[in-house]
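Trainee: For reference, this is entry.txt, and it has compact mmCIF, C-alpha atoms.
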```txt
# COMPACT_ATOMS: atom_id res chain seq x y z
CA GLY F 1 40.95 12.85 -5.68
CA ARG F 2 44.66 13.55 -6.12
CA LEU F 3 47.08 16.06 -4.64
CA SER F 4 50.21 17.17 -6.50
CA LEU F 5 53.18 17.53 -4.13
CA PRO F 6 56.62 18.89 -5.07
CA LYS F 7 59.31 16.22 -5.63
CA ILE F 8 56.70 13.50 -4.97
CA GLY F 9 54.05 13.90 -7.66
CA ALA F 10 50.36 13.09 -7.60
CA VAL F 11 49.19 11.45 -4.36
CA LYS F 12 45.80 9.85 -3.92
CA VAL F 13 43.91 11.65 -1.13
CA LYS F 14 40.50 11.75 0.50
CA TRP F 15 39.28 15.34 0.87
CA SER F 16 37.59 16.24 4.15
CA ARG F 17 36.17 19.46 2.69
CA THR F 18 36.39 21.72 -0.35
CA LEU F 19 39.07 24.40 -0.15
CA PRO F 20 37.45 27.89 -0.13
CA ALA F 21 40.45 29.50 -1.87
CA THR F 22 43.71 28.65 -3.59
CA PRO F 23 46.23 27.45 -0.98
CA THR F 24 49.62 29.11 -0.62
CA SER F 25 51.39 26.13 0.97
CA VAL F 26 50.80 22.58 2.14
CA THR F 27 52.30 20.55 4.99
CA VAL F 28 52.11 16.77 5.18
CA VAL F 29 52.02 15.36 8.73
CA LYS F 30 52.17 11.76 9.93
CA ASP F 31 50.61 10.98 13.33
CA ALA F 32 51.37 8.17 15.79
CA ALA F 33 48.68 5.96 14.25
CA GLY F 34 50.49 5.98 10.89
CA ARG F 35 47.99 8.29 9.18
CA PHE F 36 49.05 11.10 6.83
CA PHE F 37 47.32 14.49 6.80
CA ALA F 38 47.72 17.40 4.39
CA SER F 39 47.35 20.80 6.08
CA PHE F 40 46.83 23.83 3.82
CA VAL F 41 47.49 27.53 4.40
CA LEU F 42 45.16 29.93 2.57
CA ASP F 43 43.63 33.39 2.86
CA THR F 44 39.98 33.65 3.89
CA ASP F 45 37.49 36.36 2.95
CA PRO F 46 36.19 38.37 5.96
CA ASP F 47 33.01 39.25 4.07
CA ALA F 48 32.28 35.57 3.50
CA ASP F 49 32.79 34.88 7.22
CA ALA F 50 30.42 37.72 8.12
CA ALA F 51 27.78 36.38 5.73
CA ARG F 52 28.15 32.91 7.19
CA MET F 53 27.73 34.12 10.78
CA PRO F 54 25.36 37.14 10.82
CA GLU F 55 25.23 39.27 13.96
CA THR F 56 22.68 38.45 16.65
CA ASP F 57 21.60 40.00 19.94
CA ARG F 58 21.81 36.82 22.02
CA THR F 59 24.32 36.31 24.84
CA ILE F 60 24.86 33.22 26.91
CA GLY F 61 26.83 31.91 29.87
CA ILE F 62 28.43 28.46 29.91
CA ASP F 63 29.19 26.41 33.01
CA LEU F 64 31.52 23.50 32.19
CA GLY F 65 31.28 20.34 34.27
CA LEU F 66 31.71 16.57 34.38
CA THR F 67 28.16 15.24 34.89
CA HIS F 68 27.05 17.55 32.07
CA PHE F 69 29.74 18.79 29.72
CA ALA F 70 28.12 22.22 29.49
CA VAL F 71 25.13 23.88 31.15
CA LEU F 72 23.88 27.05 29.46
CA SER F 73 22.30 30.03 31.17
CA ASP F 74 19.02 29.40 29.31
CA GLY F 75 18.66 26.04 31.12
CA THR F 76 20.00 23.80 28.35
CA LYS F 77 22.11 20.88 29.60
CA ILE F 78 24.51 19.12 27.23
CA ASP F 79 25.52 15.63 28.35
CA SER F 80 29.17 14.64 28.49
CA PRO F 81 29.94 11.98 25.83
CA ARG F 82 32.81 10.48 27.92
CA PHE F 83 34.62 9.07 24.89
CA LEU F 84 37.57 7.75 26.90
CA ARG F 85 35.38 6.02 29.48
CA ARG F 86 33.38 4.26 26.78
CA ALA F 87 36.53 3.04 25.01
CA GLU F 88 38.40 1.92 28.14
CA LYS F 89 37.64 -1.79 27.66
CA LYS F 90 38.96 -1.79 24.09
CA LEU F 91 42.01 0.28 25.02
CA ARG F 92 42.83 -2.04 27.94
CA LYS F 93 42.67 -5.10 25.70
CA ALA F 94 44.92 -3.52 23.06
CA GLN F 95 47.43 -2.39 25.68
CA LYS F 96 47.61 -5.88 27.20
CA GLU F 97 48.32 -7.37 23.76
CA LEU F 98 51.11 -4.84 23.26
CA SER F 99 52.72 -5.65 26.62
CA ARG F 100 52.90 -9.36 25.71
CA LYS F 101 54.79 -8.80 22.45
CA GLN F 102 58.55 -9.16 22.35
CA LYS F 103 60.46 -5.90 22.08
CA GLY F 104 61.91 -5.31 18.64
CA SER F 105 59.57 -7.75 16.89
CA LYS F 106 57.26 -6.95 14.00
CA ASN F 107 54.26 -8.09 16.01
CA ARG F 108 55.05 -5.45 18.61
CA VAL F 109 55.05 -2.78 15.91
CA LYS F 110 51.63 -3.98 14.74
CA ALA F 111 50.31 -3.98 18.31
CA ARG F 112 51.65 -0.48 18.92
CA LEU F 113 49.84 0.82 15.83
CA LYS F 114 46.65 -0.85 17.05
CA VAL F 115 46.90 0.99 20.39
CA ALA F 116 47.68 4.28 18.63
CA ARG F 117 44.69 3.88 16.30
CA ALA F 118 42.38 3.20 19.25
CA HIS F 119 43.57 6.36 21.04
CA ALA F 120 43.34 8.37 17.81
CA LYS F 121 39.74 7.26 17.37
CA VAL F 122 38.88 8.59 20.85
CA ALA F 123 40.69 11.87 20.24
CA ASP F 124 39.00 12.36 16.85
CA ALA F 125 35.54 11.75 18.30
CA ARG F 126 36.18 14.23 21.13
CA ARG F 127 37.53 16.86 18.72
CA GLU F 128 34.53 16.46 16.42
CA PHE F 129 32.16 16.92 19.37
CA HIS F 130 34.00 20.09 20.45
CA HIS F 131 33.94 21.49 16.91
CA GLN F 132 30.21 20.93 16.43
CA LEU F 133 29.26 22.39 19.83
CA SER F 134 31.59 25.41 19.61
CA THR F 135 30.43 26.27 16.08
CA LYS F 136 26.79 26.02 17.17
CA LEU F 137 27.33 28.34 20.15
CA ILE F 138 29.31 30.85 18.08
CA CYS F 139 26.64 30.86 15.37
CA GLU F 140 23.72 31.43 17.75
CA ASN F 141 25.24 33.93 20.23
CA GLN F 142 26.98 37.26 19.88
CA GLY F 143 28.47 37.20 23.38
CA ILE F 144 29.67 34.13 25.30
CA ALA F 145 30.86 33.93 28.90
CA VAL F 146 32.88 30.96 30.13
CA GLU F 147 34.81 30.27 33.31
CA ASP F 148 38.62 30.35 33.18
CA LEU F 149 39.17 26.91 34.71
CA SER F 150 42.53 25.69 36.03
CA VAL F 151 42.65 22.44 34.07
CA ALA F 152 46.25 21.74 35.13
CA GLY F 153 45.25 22.01 38.78
CA LEU F 154 42.15 19.86 38.41
CA ALA F 155 44.21 17.24 36.56
CA ARG F 156 46.16 16.63 39.78
CA THR F 157 43.06 15.59 41.73
CA ARG F 158 41.15 12.31 41.89
CA LEU F 159 39.01 13.58 38.99
CA ALA F 160 42.03 13.72 36.64
CA LYS F 161 40.83 11.09 34.15
CA SER F 162 37.38 12.64 33.86
CA VAL F 163 38.88 16.13 33.46
CA HIS F 164 41.17 15.00 30.63
CA ASP F 165 38.29 13.08 29.05
CA ALA F 166 36.14 16.23 28.96
CA GLY F 167 38.81 18.31 27.19
CA TRP F 168 37.72 21.73 28.50
CA ALA F 169 40.92 23.50 27.41
CA LEU F 170 40.54 22.39 23.78
CA PHE F 171 36.89 23.45 23.75
CA VAL F 172 37.62 26.92 25.13
CA SER F 173 40.48 27.42 22.66
CA MET F 174 38.07 26.60 19.81
CA LEU F 175 35.63 29.18 21.14
CA GLU F 176 38.45 31.75 21.27
CA TYR F 177 39.66 31.49 17.69
CA LYS F 178 36.16 31.11 16.25
CA ALA F 179 34.92 34.16 18.19
CA GLU F 180 37.87 36.19 16.86
CA ARG F 181 37.27 35.03 13.30
CA TYR F 182 33.52 35.66 13.20
CA GLY F 183 33.40 38.87 15.24
CA ARG F 184 31.96 37.42 18.44
CA THR F 185 32.79 38.44 22.02
CA LEU F 186 34.19 35.81 24.38
CA VAL F 187 34.66 36.79 28.02
CA LYS F 188 36.50 34.61 30.51
CA ILE F 189 35.30 34.87 34.10
CA GLY F 190 37.90 34.52 36.83
CA ARG F 191 38.10 31.10 38.43
CA PHE F 192 37.81 32.64 41.92
CA THR F 193 34.51 34.37 41.14
CA PRO F 194 31.86 32.71 43.41
CA THR F 195 29.43 31.93 40.59
CA SER F 196 28.18 28.74 42.30
CA GLN F 197 27.76 30.47 45.67
CA THR F 198 25.93 33.63 44.55
CA CYS F 199 22.16 33.81 44.16
CA HIS F 200 21.41 35.28 40.73
CA ALA F 201 18.02 36.55 41.97
CA CYS F 202 19.12 38.70 44.92
CA GLY F 203 22.93 38.63 44.70
CA ALA F 204 23.47 37.13 48.17
CA VAL F 205 26.57 34.94 48.63
CA ASP F 206 25.52 31.72 50.37
CA GLY F 207 28.99 30.28 50.94
CA PRO F 208 30.91 27.33 49.52
CA LYS F 209 29.20 23.99 48.95
CA PRO F 210 30.53 20.47 48.27
CA LEU F 211 30.23 19.04 44.76
CA SER F 212 27.55 16.62 45.96
CA VAL F 213 25.13 19.54 46.44
CA ARG F 214 23.49 20.05 43.02
CA GLU F 215 20.51 22.12 44.21
CA TRP F 216 20.32 24.68 47.02
CA THR F 217 17.95 27.26 48.48
CA CYS F 218 19.02 30.86 48.99
CA ALA F 219 18.87 31.81 52.69
CA ALA F 220 18.18 35.47 51.83
CA CYS F 221 15.30 35.30 49.34
CA GLY F 222 14.27 31.63 49.47
CA ALA F 223 14.83 30.99 45.75
CA VAL F 224 15.64 27.39 44.79
CA HIS F 225 18.57 27.12 42.38
CA ASP F 226 20.07 24.44 40.21
CA ARG F 227 23.78 24.74 40.96
CA ASP F 228 25.00 24.65 37.32
CA ILE F 229 22.24 26.83 35.82
CA ASN F 230 22.71 29.42 38.58
CA ALA F 231 26.46 29.51 37.90
CA ALA F 232 25.89 29.93 34.15
CA ILE F 233 23.49 32.85 34.76
CA ASN F 234 26.02 34.52 37.07
CA MET F 235 28.71 34.15 34.40
CA LYS F 236 26.45 35.78 31.84
CA THR F 237 25.77 38.67 34.25
CA ALA F 238 29.45 39.14 35.02
CA ALA F 239 30.32 39.05 31.31
CA GLY F 240 27.72 41.74 30.60
CA LEU F 241 29.46 44.03 33.08
CA ALA F 242 32.85 43.30 31.52
CA VAL F 243 31.73 43.84 27.91
CA SER F 244 30.08 47.16 28.73
CA ALA F 245 33.48 48.72 29.47
CA CYS F 246 34.60 48.93 25.83
CA GLY F 247 35.31 45.23 25.70
CA ALA F 248 37.94 45.37 28.44
CA PRO F 249 37.80 43.06 31.46
CA VAL F 250 36.71 44.84 34.62
CA ARG F 251 38.16 43.91 37.99
CA PRO F 252 36.50 44.97 41.24
CA GLY F 253 38.34 47.70 43.08
CA ALA F 254 40.28 47.16 46.28
CA ILE F 255 38.12 46.97 49.40
CA PRO F 256 39.51 49.11 52.26
CA ALA F 257 40.09 47.31 55.54
CA GLN F 258 37.89 48.11 58.52
CA ARG F 259 39.23 50.39 61.22
CA GLU F 260 39.61 47.59 63.74
CA GLU F 261 41.55 45.49 61.17
CA THR F 262 44.23 48.06 60.35
CA GLY F 263 47.46 48.72 62.23
CA SER F 264 49.63 46.49 64.35
CA HIS F 265 47.24 46.52 67.34
CA GLY F 266 50.18 47.26 69.63
CA PHE F 267 52.56 44.80 71.19
CA PRO F 268 51.19 41.64 72.84
CA THR F 269 51.03 41.76 76.61
CA GLU F 270 50.92 37.97 77.10
CA PRO F 271 54.13 35.91 76.72
CA ARG F 272 54.33 34.14 73.34
CA VAL F 273 55.34 30.53 72.89
CA ALA F 274 58.14 29.91 70.41
```
What is this file in structure tokens?

Mentor:
Amino acid sequence: GRLSLPKIGAVKVKWSRTLPATPTSVTVVKDAAGRFFASFVLDTDPDADAARMPETDRTIGIDLGLTHFAVLSDGTKIDSPRFLRRAEKKLRKAQKELSRKQKGSKNRVKARLKVARAHAKVADARREFHHQLSTKLICENQGIAVEDLSVAGLARTRLAKSVHDAGWALFVSMLEYKAERYGRTLVKIGRFTPTSQTCHACGAVDGPKPLSVREWTCAACGAVHDRDINAAINMKTAAGLAVSACGAPVRPGAIPAQREETGSHGFPTEPRVA
């Protein structure tokens, strides 16, 4: 229950987990909430990682969203915990108390720490949810396909608070480093790929649809699709094509223009308005 630090001595600590090997260095960090954390650097055993995550033949596609945090290609829907939305009332109360305190006073320092602890609690809960879900997906699947979302662009829309609350970027980054560590394959599908518009049964592109449309019928084959499940299946299909080319991402080739679309079409005969 104690950690020996140079020039400081033995410090009482609470261990979050047992260290798998002897650490080479330690860094002590203090966050905004006044908490201290000890971060260790150590060497891991690749054989132990391989034994912990044995190879499997399963692949899966993931469609990230707001109503459901993740929808898998096998039909599984994972609800969004919405940690920030659930804690808004408590955060608002703490922020109001902080705004009433006089600047430079000790009570303001106490109120600031109270706000920081409330935000840290939300961030810790979200990070724990991302860790558990990403580890589960990495453990059960050898190949994972996920959409390369523009989080910065979505954060400038009216859905900004919900996008930040979901934390897609942090979740995808966890999938990346865990896939690299345990020998999994993670494929990012381009954000302009029409996964929500393409019928996974016949491959017909049905055109763009508003977010309010959660279920649609293919005009070509008549199949009824759940919007999110259909997108996840299309991601899995696209990832299978990309992985087959020695693990390199495959981009579709350039499509030549039609004969009537090429050229300058001559000079206009009608007068043009400036």

Trainee: Would you compute the distance between CA of Lys209 in chain F and CA of Ser196 in chain F? Give it in Å to one decimal.

Mentor: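 Separation of CA of Lys209 in chain F and CA of Ser196 in chain F: 8.2 Å.
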
Trainee: Report as number ranges by chain all protein, DNA and RNA residues lying within 12 Å of Gln132 in chain F, evaluated on all atoms listed in the file, omitting residues in the same chain fewer than 6 positions from it.

Mentor: F: 125-126, 138-139, 171, 174-175, 178

Trainee: Report the distance between CA of Thr67 in chain F and CA of Arg227 in chain F in Å, rounded to one decimal place.

Mentor: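 Value for the CA of Thr67 in chain F-CA of Arg227 in chain F distance: 12.1 Å.
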
Trainee: For CA of Gln102 in chain F and CA of Val122 in chain F, determine how far apart the two atoms are, in Å to one decimal place.

Mentor: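 Interatomic distance, CA of Gln102 in chain F to CA of Val122 in chain F: 26.5 Å.
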
Trainee: Which is closest to Thr44 in chain F among F:Leu19, F:Ala201, F:Val115, F:Leu159, if we use only C-alpha atoms?

Mentor: F:Leu19
